[in-house]
Amino acid sequence: MEKYSKPIPGYKVLHEKNKGINRCMIMLYTMYKQVIVVRRDLRLGKGKLAAQVAHASCEAVFSILERGSAVWREWLDSWKRSGQEKVVLRVDTLNELLELYNKAKAAGLPISLVRDAGHTQVPPGTITAIAIGPAPEHEIDKITGHLKLL
């Protein structure tokens, strides 16, 4: 039997030991996640940054619930059942953030864009973050897989 040193995306490897016999099964499955991307150039305080991440995440879910397609609703339900994985990534500029937003929109993924109200650290209307998903992990990774964690 072959051994793989790296996990195979989209597959789950199950090892079973029963009565001294080792079996390995590979099951096809889809993982779901949500990615939130924030701008580092704004140098937001920790609390403000946390609030922007939360706004982006919630708004993406609200948009699915209010006007999402049946497929998006299925993704949302699967994501909820699988633990609601969220990953927060960073970009250095507004242009990078908008480029990701446009790519995700063109790919047909659920997305939100946060514009701050401007009550504290940044001027009103400042774009601070986006959320992509929940959606299949492999689809989001096509767009954000090159980014670094916050």
# chains A, B, ... in the order shown; residues from 1 in each chain; ligands from 1
call {"tool": "residues_around", "arguments": {"residues": "Glu99 (chain A)", "least_positions_apart": "3", "cutoff": "12 Å", "atoms": "only C-alpha atoms", "output": "VMD selection string"}}
result
chain A and resid 37 91 93 to 96 102 to 106 113 130 143 to 144
call {"tool": "residues_around", "arguments": {"residues": "Leu42 (chain A)", "least_positions_apart": "5", "cutoff": "12 Å", "atoms": "only C-alpha atoms", "output": "ChimeraX atom specification"}}
result
/A:48-49,52,90-94,116,121-123,126-129
call {"tool": "write_last_selection", "arguments": {"atoms": "N, CA and C atoms", "output": "compact mmCIF listing (two decimals), in the first residue's frame"}}
result
# COMPACT_ATOMS: atom_id res chain seq x y z
N LYS A 48 -10.44 47.22 17.16
CA LYS A 48 -11.05 47.69 15.92
C LYS A 48 -10.91 46.62 14.83
N LEU A 49 -9.74 46.02 14.75
CA LEU A 49 -9.49 44.97 13.77
C LEU A 49 -10.42 43.77 14.01
N GLN A 52 -13.86 44.59 12.75
CA GLN A 52 -13.97 44.58 11.29
C GLN A 52 -14.04 43.15 10.76
N ARG A 90 -4.17 38.61 5.45
CA ARG A 90 -3.85 40.03 5.35
C ARG A 90 -3.37 40.41 3.96
N VAL A 91 -3.64 41.65 3.62
CA VAL A 91 -3.06 42.29 2.43
C VAL A 91 -2.50 43.63 2.86
N ASP A 92 -1.67 44.21 2.01
CA ASP A 92 -1.01 45.46 2.38
C ASP A 92 -1.70 46.71 1.85
N THR A 93 -2.59 46.55 0.87
CA THR A 93 -3.19 47.75 0.26
C THR A 93 -4.66 47.55 -0.07
N LEU A 94 -5.34 48.65 -0.27
CA LEU A 94 -6.72 48.64 -0.72
C LEU A 94 -6.84 47.97 -2.08
N ASP A 116 -16.15 51.09 6.90
CA ASP A 116 -16.27 51.53 8.29
C ASP A 116 -17.15 52.78 8.40
N GLN A 121 -11.32 55.22 14.35
CA GLN A 121 -9.93 55.26 13.88
C GLN A 121 -9.72 55.63 12.41
N VAL A 122 -10.74 55.48 11.58
CA VAL A 122 -10.57 55.74 10.14
C VAL A 122 -11.73 56.61 9.65
N PRO A 123 -11.54 57.30 8.54
CA PRO A 123 -12.62 58.14 7.99
C PRO A 123 -13.83 57.31 7.55
N THR A 126 -14.23 54.09 4.76
CA THR A 126 -12.98 53.38 4.52
C THR A 126 -13.24 51.88 4.42
N ILE A 127 -12.75 51.28 3.35
CA ILE A 127 -12.89 49.83 3.17
C ILE A 127 -11.81 49.16 4.00
N THR A 128 -12.24 48.30 4.93
CA THR A 128 -11.31 47.70 5.87
C THR A 128 -11.08 46.20 5.67
N ALA A 129 -12.10 45.48 5.21
CA ALA A 129 -12.01 44.02 5.15
C ALA A 129 -13.02 43.45 4.16
call {"tool": "residues_around", "arguments": {"residues": "Val88 (chain A)", "least_positions_apart": "6", "cutoff": "8 Å", "atoms": "only C-alpha atoms", "output": "JSON, numbers by chain"}}
result
{"A": [35, 36, 37, 38, 53, 149, 150]}
call {"tool": "write_last_selection", "arguments": {"atoms": "C-alpha atoms", "output": "mmCIF file, in the first residue's frame"}}
result
data_model
loop_
_atom_site.group_PDB
_atom_site.id
_atom_site.type_symbol
_atom_site.label_atom_id
_atom_site.label_comp_id
_atom_site.auth_asym_id
_atom_site.auth_seq_id
_atom_site.Cartn_x
_atom_site.Cartn_y
_atom_site.Cartn_z
ATOM 1 C CA VAL A 35 -11.765 33.587 4.742
ATOM 2 C CA ILE A 36 -11.648 37.132 6.054
ATOM 3 C CA VAL A 37 -9.018 39.429 4.558
ATOM 4 C CA VAL A 38 -7.995 42.665 6.265
ATOM 5 C CA VAL A 53 -13.304 40.841 10.983
ATOM 6 C CA LEU A 149 -2.121 34.733 7.972
ATOM 7 C CA LEU A 150 -2.833 37.861 9.969
#
call {"tool": "select_by_dssp", "arguments": {"residues": "region 3-147 of chain A", "states": "alpha helix (DSSP H)", "output": "MDAnalysis selection string"}}
result
chainID A and resid 46:67 70:81 94:106 137:144
call {"tool": "write_last_selection", "arguments": {"atoms": "C-alpha atoms", "output": "mmCIF file, in the first residue's frame"}}
result
data_model
loop_
_atom_site.group_PDB
_atom_site.id
_atom_site.type_symbol
_atom_site.label_atom_id
_atom_site.label_comp_id
_atom_site.auth_asym_id
_atom_site.auth_seq_id
_atom_site.Cartn_x
_atom_site.Cartn_y
_atom_site.Cartn_z
ATOM 1 C CA LYS A 46 -6.604 45.137 17.971
ATOM 2 C CA GLY A 47 -10.181 45.763 19.077
ATOM 3 C CA LYS A 48 -11.046 47.692 15.917
ATOM 4 C CA LEU A 49 -9.485 44.970 13.773
ATOM 5 C CA ALA A 50 -11.456 42.275 15.597
ATOM 6 C CA ALA A 51 -14.668 44.229 15.025
ATOM 7 C CA GLN A 52 -13.969 44.582 11.287
ATOM 8 C CA VAL A 53 -13.304 40.841 10.983
ATOM 9 C CA ALA A 54 -16.580 40.109 12.779
ATOM 10 C CA HIS A 55 -18.495 42.558 10.576
ATOM 11 C CA ALA A 56 -17.125 40.934 7.409
ATOM 12 C CA SER A 57 -17.899 37.405 8.591
ATOM 13 C CA CYS A 58 -21.438 38.182 9.717
ATOM 14 C CA GLU A 59 -22.282 40.242 6.642
ATOM 15 C CA ALA A 60 -21.274 37.405 4.306
ATOM 16 C CA VAL A 61 -23.568 35.012 6.193
ATOM 17 C CA PHE A 62 -26.413 37.552 6.284
ATOM 18 C CA SER A 63 -26.158 38.041 2.522
ATOM 19 C CA ILE A 64 -26.555 34.292 1.981
ATOM 20 C CA LEU A 65 -29.563 34.144 4.293
ATOM 21 C CA GLU A 66 -31.226 37.195 2.716
ATOM 22 C CA ARG A 67 -30.549 36.724 -0.974
ATOM 23 C CA ALA A 70 -29.701 27.475 -3.152
ATOM 24 C CA VAL A 71 -26.082 26.393 -3.658
ATOM 25 C CA TRP A 72 -24.818 29.101 -1.285
ATOM 26 C CA ARG A 73 -27.370 27.972 1.306
ATOM 27 C CA GLU A 74 -26.128 24.389 0.988
ATOM 28 C CA TRP A 75 -22.570 25.626 1.505
ATOM 29 C CA LEU A 76 -23.669 27.599 4.568
ATOM 30 C CA ASP A 77 -25.410 24.560 6.063
ATOM 31 C CA SER A 78 -22.393 22.310 5.427
ATOM 32 C CA TRP A 79 -20.052 24.930 6.910
ATOM 33 C CA LYS A 80 -22.246 25.217 10.014
ATOM 34 C CA ARG A 81 -22.260 21.441 10.506
ATOM 35 C CA LEU A 94 -6.723 48.641 -0.719
ATOM 36 C CA ASN A 95 -5.977 47.667 -4.323
ATOM 37 C CA GLU A 96 -4.995 44.139 -3.265
ATOM 38 C CA LEU A 97 -8.190 43.815 -1.237
ATOM 39 C CA LEU A 98 -10.375 45.012 -4.114
ATOM 40 C CA GLU A 99 -8.632 42.658 -6.535
ATOM 41 C CA LEU A 100 -9.503 39.705 -4.274
ATOM 42 C CA TYR A 101 -13.068 40.954 -3.914
ATOM 43 C CA ASN A 102 -13.482 41.142 -7.695
ATOM 44 C CA LYS A 103 -11.955 37.684 -8.252
ATOM 45 C CA ALA A 104 -14.262 36.112 -5.658
ATOM 46 C CA LYS A 105 -17.288 37.876 -7.114
ATOM 47 C CA ALA A 106 -16.372 36.727 -10.638
ATOM 48 C CA GLU A 137 -12.218 25.366 0.612
ATOM 49 C CA HIS A 138 -10.634 24.533 -2.738
ATOM 50 C CA GLU A 139 -12.591 27.328 -4.461
ATOM 51 C CA ILE A 140 -11.545 29.952 -1.898
ATOM 52 C CA ASP A 141 -7.926 28.762 -1.959
ATOM 53 C CA LYS A 142 -7.748 29.490 -5.698
ATOM 54 C CA ILE A 143 -8.186 33.160 -4.796
ATOM 55 C CA THR A 144 -6.543 33.511 -1.372
#
call {"tool": "atom_distance", "arguments": {"atom1": "CA of Ala135 (chain A)", "atom2": "CA of Leu44 (chain A)"}}
result
27.4 Å
call {"tool": "select_by_dssp", "arguments": {"residues": "chain A", "states": "strand (DSSP E or B)", "output": "ChimeraX atom specification"}}
result
/A:11-18,21-28,32-39,86-91,111-115,127-136,148-149
call {"tool": "write_last_selection", "arguments": {"atoms": "C-alpha atoms", "output": "mmCIF file, in the first residue's frame"}}
result
data_model
loop_
_atom_site.group_PDB
_atom_site.id
_atom_site.type_symbol
_atom_site.label_atom_id
_atom_site.label_comp_id
_atom_site.auth_asym_id
_atom_site.auth_seq_id
_atom_site.Cartn_x
_atom_site.Cartn_y
_atom_site.Cartn_z
ATOM 1 C CA TYR A 11 -10.078 13.570 0.524
ATOM 2 C CA LYS A 12 -10.165 12.157 4.003
ATOM 3 C CA VAL A 13 -7.937 9.209 4.826
ATOM 4 C CA LEU A 14 -9.384 6.822 7.391
ATOM 5 C CA HIS A 15 -7.162 4.269 9.095
ATOM 6 C CA GLU A 16 -8.802 1.298 10.722
ATOM 7 C CA LYS A 17 -7.220 -1.421 12.808
ATOM 8 C CA ASN A 18 -9.524 -4.370 13.292
ATOM 9 C CA ILE A 21 -5.648 -6.052 10.084
ATOM 10 C CA ASN A 22 -4.824 -2.513 9.041
ATOM 11 C CA ARG A 23 -7.035 -0.945 6.383
ATOM 12 C CA CYS A 24 -6.854 2.470 4.849
ATOM 13 C CA MET A 25 -9.871 3.994 3.135
ATOM 14 C CA ILE A 26 -10.016 7.227 1.217
ATOM 15 C CA MET A 27 -13.328 9.043 1.218
ATOM 16 C CA LEU A 28 -14.154 11.950 -1.046
ATOM 17 C CA TYR A 32 -15.924 24.411 3.753
ATOM 18 C CA LYS A 33 -14.464 27.568 5.214
ATOM 19 C CA GLN A 34 -14.735 31.310 5.303
ATOM 20 C CA VAL A 35 -11.765 33.587 4.742
ATOM 21 C CA ILE A 36 -11.648 37.132 6.054
ATOM 22 C CA VAL A 37 -9.018 39.429 4.558
ATOM 23 C CA VAL A 38 -7.995 42.665 6.265
ATOM 24 C CA ARG A 39 -5.861 45.644 5.264
ATOM 25 C CA LYS A 86 -12.678 30.838 9.601
ATOM 26 C CA VAL A 87 -9.231 31.994 8.516
ATOM 27 C CA VAL A 88 -8.048 35.607 8.771
ATOM 28 C CA LEU A 89 -5.510 36.725 6.168
ATOM 29 C CA ARG A 90 -3.845 40.035 5.355
ATOM 30 C CA VAL A 91 -3.062 42.287 2.432
ATOM 31 C CA ILE A 111 -18.621 37.779 -0.456
ATOM 32 C CA SER A 112 -18.930 40.850 1.714
ATOM 33 C CA LEU A 113 -17.079 44.151 1.812
ATOM 34 C CA VAL A 114 -16.854 46.235 4.983
ATOM 35 C CA ARG A 115 -16.920 50.042 4.877
ATOM 36 C CA ILE A 127 -12.893 49.832 3.170
ATOM 37 C CA THR A 128 -11.309 47.698 5.875
ATOM 38 C CA ALA A 129 -12.010 44.019 5.148
ATOM 39 C CA ILE A 130 -13.734 41.444 2.996
ATOM 40 C CA ALA A 131 -15.088 37.977 3.710
ATOM 41 C CA ILE A 132 -15.227 35.209 1.133
ATOM 42 C CA GLY A 133 -17.491 32.267 1.843
ATOM 43 C CA PRO A 134 -18.527 30.113 3.431
ATOM 44 C CA ALA A 135 -17.753 28.077 0.356
ATOM 45 C CA PRO A 136 -15.766 24.997 -0.640
ATOM 46 C CA LYS A 148 -0.299 35.145 4.692
ATOM 47 C CA LEU A 149 -2.121 34.733 7.972
#
